[in-house]
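Engineer: The structure that follows is given in the form of structure tokens.
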Amino acid sequence: MQFHKTLIFSAIALSASSAMAGAWEHENERGVDLYRAADGNMVVSLVCDPNTVYGTTESAVLLEAGGDPDLSAEVGFSFPDGNRVNAALVHGRFGKATANPVDWETLVDGFRVHQTVTVSRGEAAVEVELGEPMPFTCL
């Protein structure tokens, strides 16, 4: 459990670092890939553990909205091709271990091929510029 907290802290610290808006950044920490794209007040991060370095998958999407990395809410991720994933964020996290496998695959595949994603919560929606798609290591 301590590693899980460290991993989330590392992803949030990466989120807080200065970055070029609308471009994925990549960092590898202790065998785990951390990806981050920031656009305005919205930060989308991916934590990927492709080799199950820690014995189980810790892969997750993290969302920080308006500076709040601890958002617990229902959100939607919509891609330009019409695919949409509804996710229940728990403390800003939508994890592979608890996600519907089809939703997880749709979400990660959307990030792999699109330059934008629209994140919605209730009636509010924000389009996030992600930059060039990357071959994320999330499985």
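Ligands are numbered from 1 in the order shown, residues from 1 within each chain, and chains are lettered A, B, ... in the order they appear in the structure tokens.
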Check region 26-99 of chain A with DSSP on the backbone and list each residue it calls strand (DSSP E), as an NGL selection string.
Structural biologist: :A and (26-29 or 32-39 or 42-48 or 60-65 or 73-78 or 84-89 or 93-95)
Engineer: Excluding Pro135 (chain A) and any residue of its chain fewer than 4 positions from it, enumerate the residues within 12 Å of it, using only C-alpha atoms, and give them as a JSON list (two decimals) with N, CA and C atoms, in the first residue's frame.
Structural biologist:
[["chain", "number", "residue", "atom", "x", "y", "z"],
["A", 24, "TRP", "N", 2.19, 15.63, -24.26],
["A", 24, "TRP", "CA", 2.46, 14.58, -23.30],
["A", 24, "TRP", "C", 3.92, 14.68, -22.85],
["A", 26, "HIS", "N", 6.81, 12.44, -20.50],
["A", 26, "HIS", "CA", 7.03, 11.07, -20.05],
["A", 26, "HIS", "C", 8.18, 11.03, -19.06],
["A", 33, "ASP", "N", 6.03, 3.81, -15.79],
["A", 33, "ASP", "CA", 5.98, 4.96, -16.70],
["A", 33, "ASP", "C", 4.92, 5.93, -16.25],
["A", 35, "TYR", "N", 3.03, 9.44, -17.50],
["A", 35, "TYR", "CA", 2.76, 10.34, -18.62],
["A", 35, "TYR", "C", 1.86, 11.44, -18.11],
["A", 46, "LEU", "N", -1.27, 9.44, -16.93],
["A", 46, "LEU", "CA", -1.36, 7.99, -17.01],
["A", 46, "LEU", "C", -0.21, 7.41, -16.20],
["A", 48, "CYS", "N", 1.57, 3.84, -15.83],
["A", 48, "CYS", "CA", 1.60, 2.53, -16.49],
["A", 48, "CYS", "C", 2.65, 1.62, -15.86],
["A", 108, "VAL", "N", -7.49, 4.00, -22.88],
["A", 108, "VAL", "CA", -6.06, 4.03, -23.22],
["A", 108, "VAL", "C", -5.88, 4.09, -24.74],
["A", 109, "ASP", "N", -6.67, 3.34, -25.49],
["A", 109, "ASP", "CA", -6.59, 3.41, -26.95],
["A", 109, "ASP", "C", -6.93, 4.80, -27.45],
["A", 110, "GLY", "N", -7.90, 5.46, -26.84],
["A", 110, "GLY", "CA", -8.24, 6.83, -27.21],
["A", 110, "GLY", "C", -7.08, 7.77, -27.01],
["A", 111, "PHE", "N", -6.38, 7.63, -25.89],
["A", 111, "PHE", "CA", -5.20, 8.45, -25.64],
["A", 111, "PHE", "C", -4.09, 8.15, -26.65],
["A", 112, "ARG", "N", -4.00, 6.88, -27.09],
["A", 112, "ARG", "CA", -2.95, 6.49, -28.03],
["A", 112, "ARG", "C", -3.15, 7.07, -29.43],
["A", 113, "VAL", "N", -4.38, 7.40, -29.81],
["A", 113, "VAL", "CA", -4.61, 7.81, -31.20],
["A", 113, "VAL", "C", -5.15, 9.22, -31.38],
["A", 114, "HIS", "N", -5.56, 9.90, -30.31],
["A", 114, "HIS", "CA", -6.16, 11.22, -30.46],
["A", 114, "HIS", "C", -5.31, 12.31, -29.83],
["A", 139, "LEU", "N", -1.07, -1.58, -20.45],
["A", 139, "LEU", "CA", -1.65, -2.74, -21.12],
["A", 139, "LEU", "C", -3.13, -2.80, -20.90]]
Engineer: Nearest to Pro69 (chain A): which of A:Val119, A:Ala23, A:Val43, A:Val85 is it, counting only C-alpha atoms?
Structural biologist: A:Val43
Engineer: Rank A:Phe94, A:Leu107, A:Leu34, A:Ser59 by their smallest atom-to-atom distance to Ser72 (chain A), using only C-alpha atoms, and report the top residue only.
Structural biologist: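 Answer, going by the shortest atom-to-atom distance: A:Phe94.
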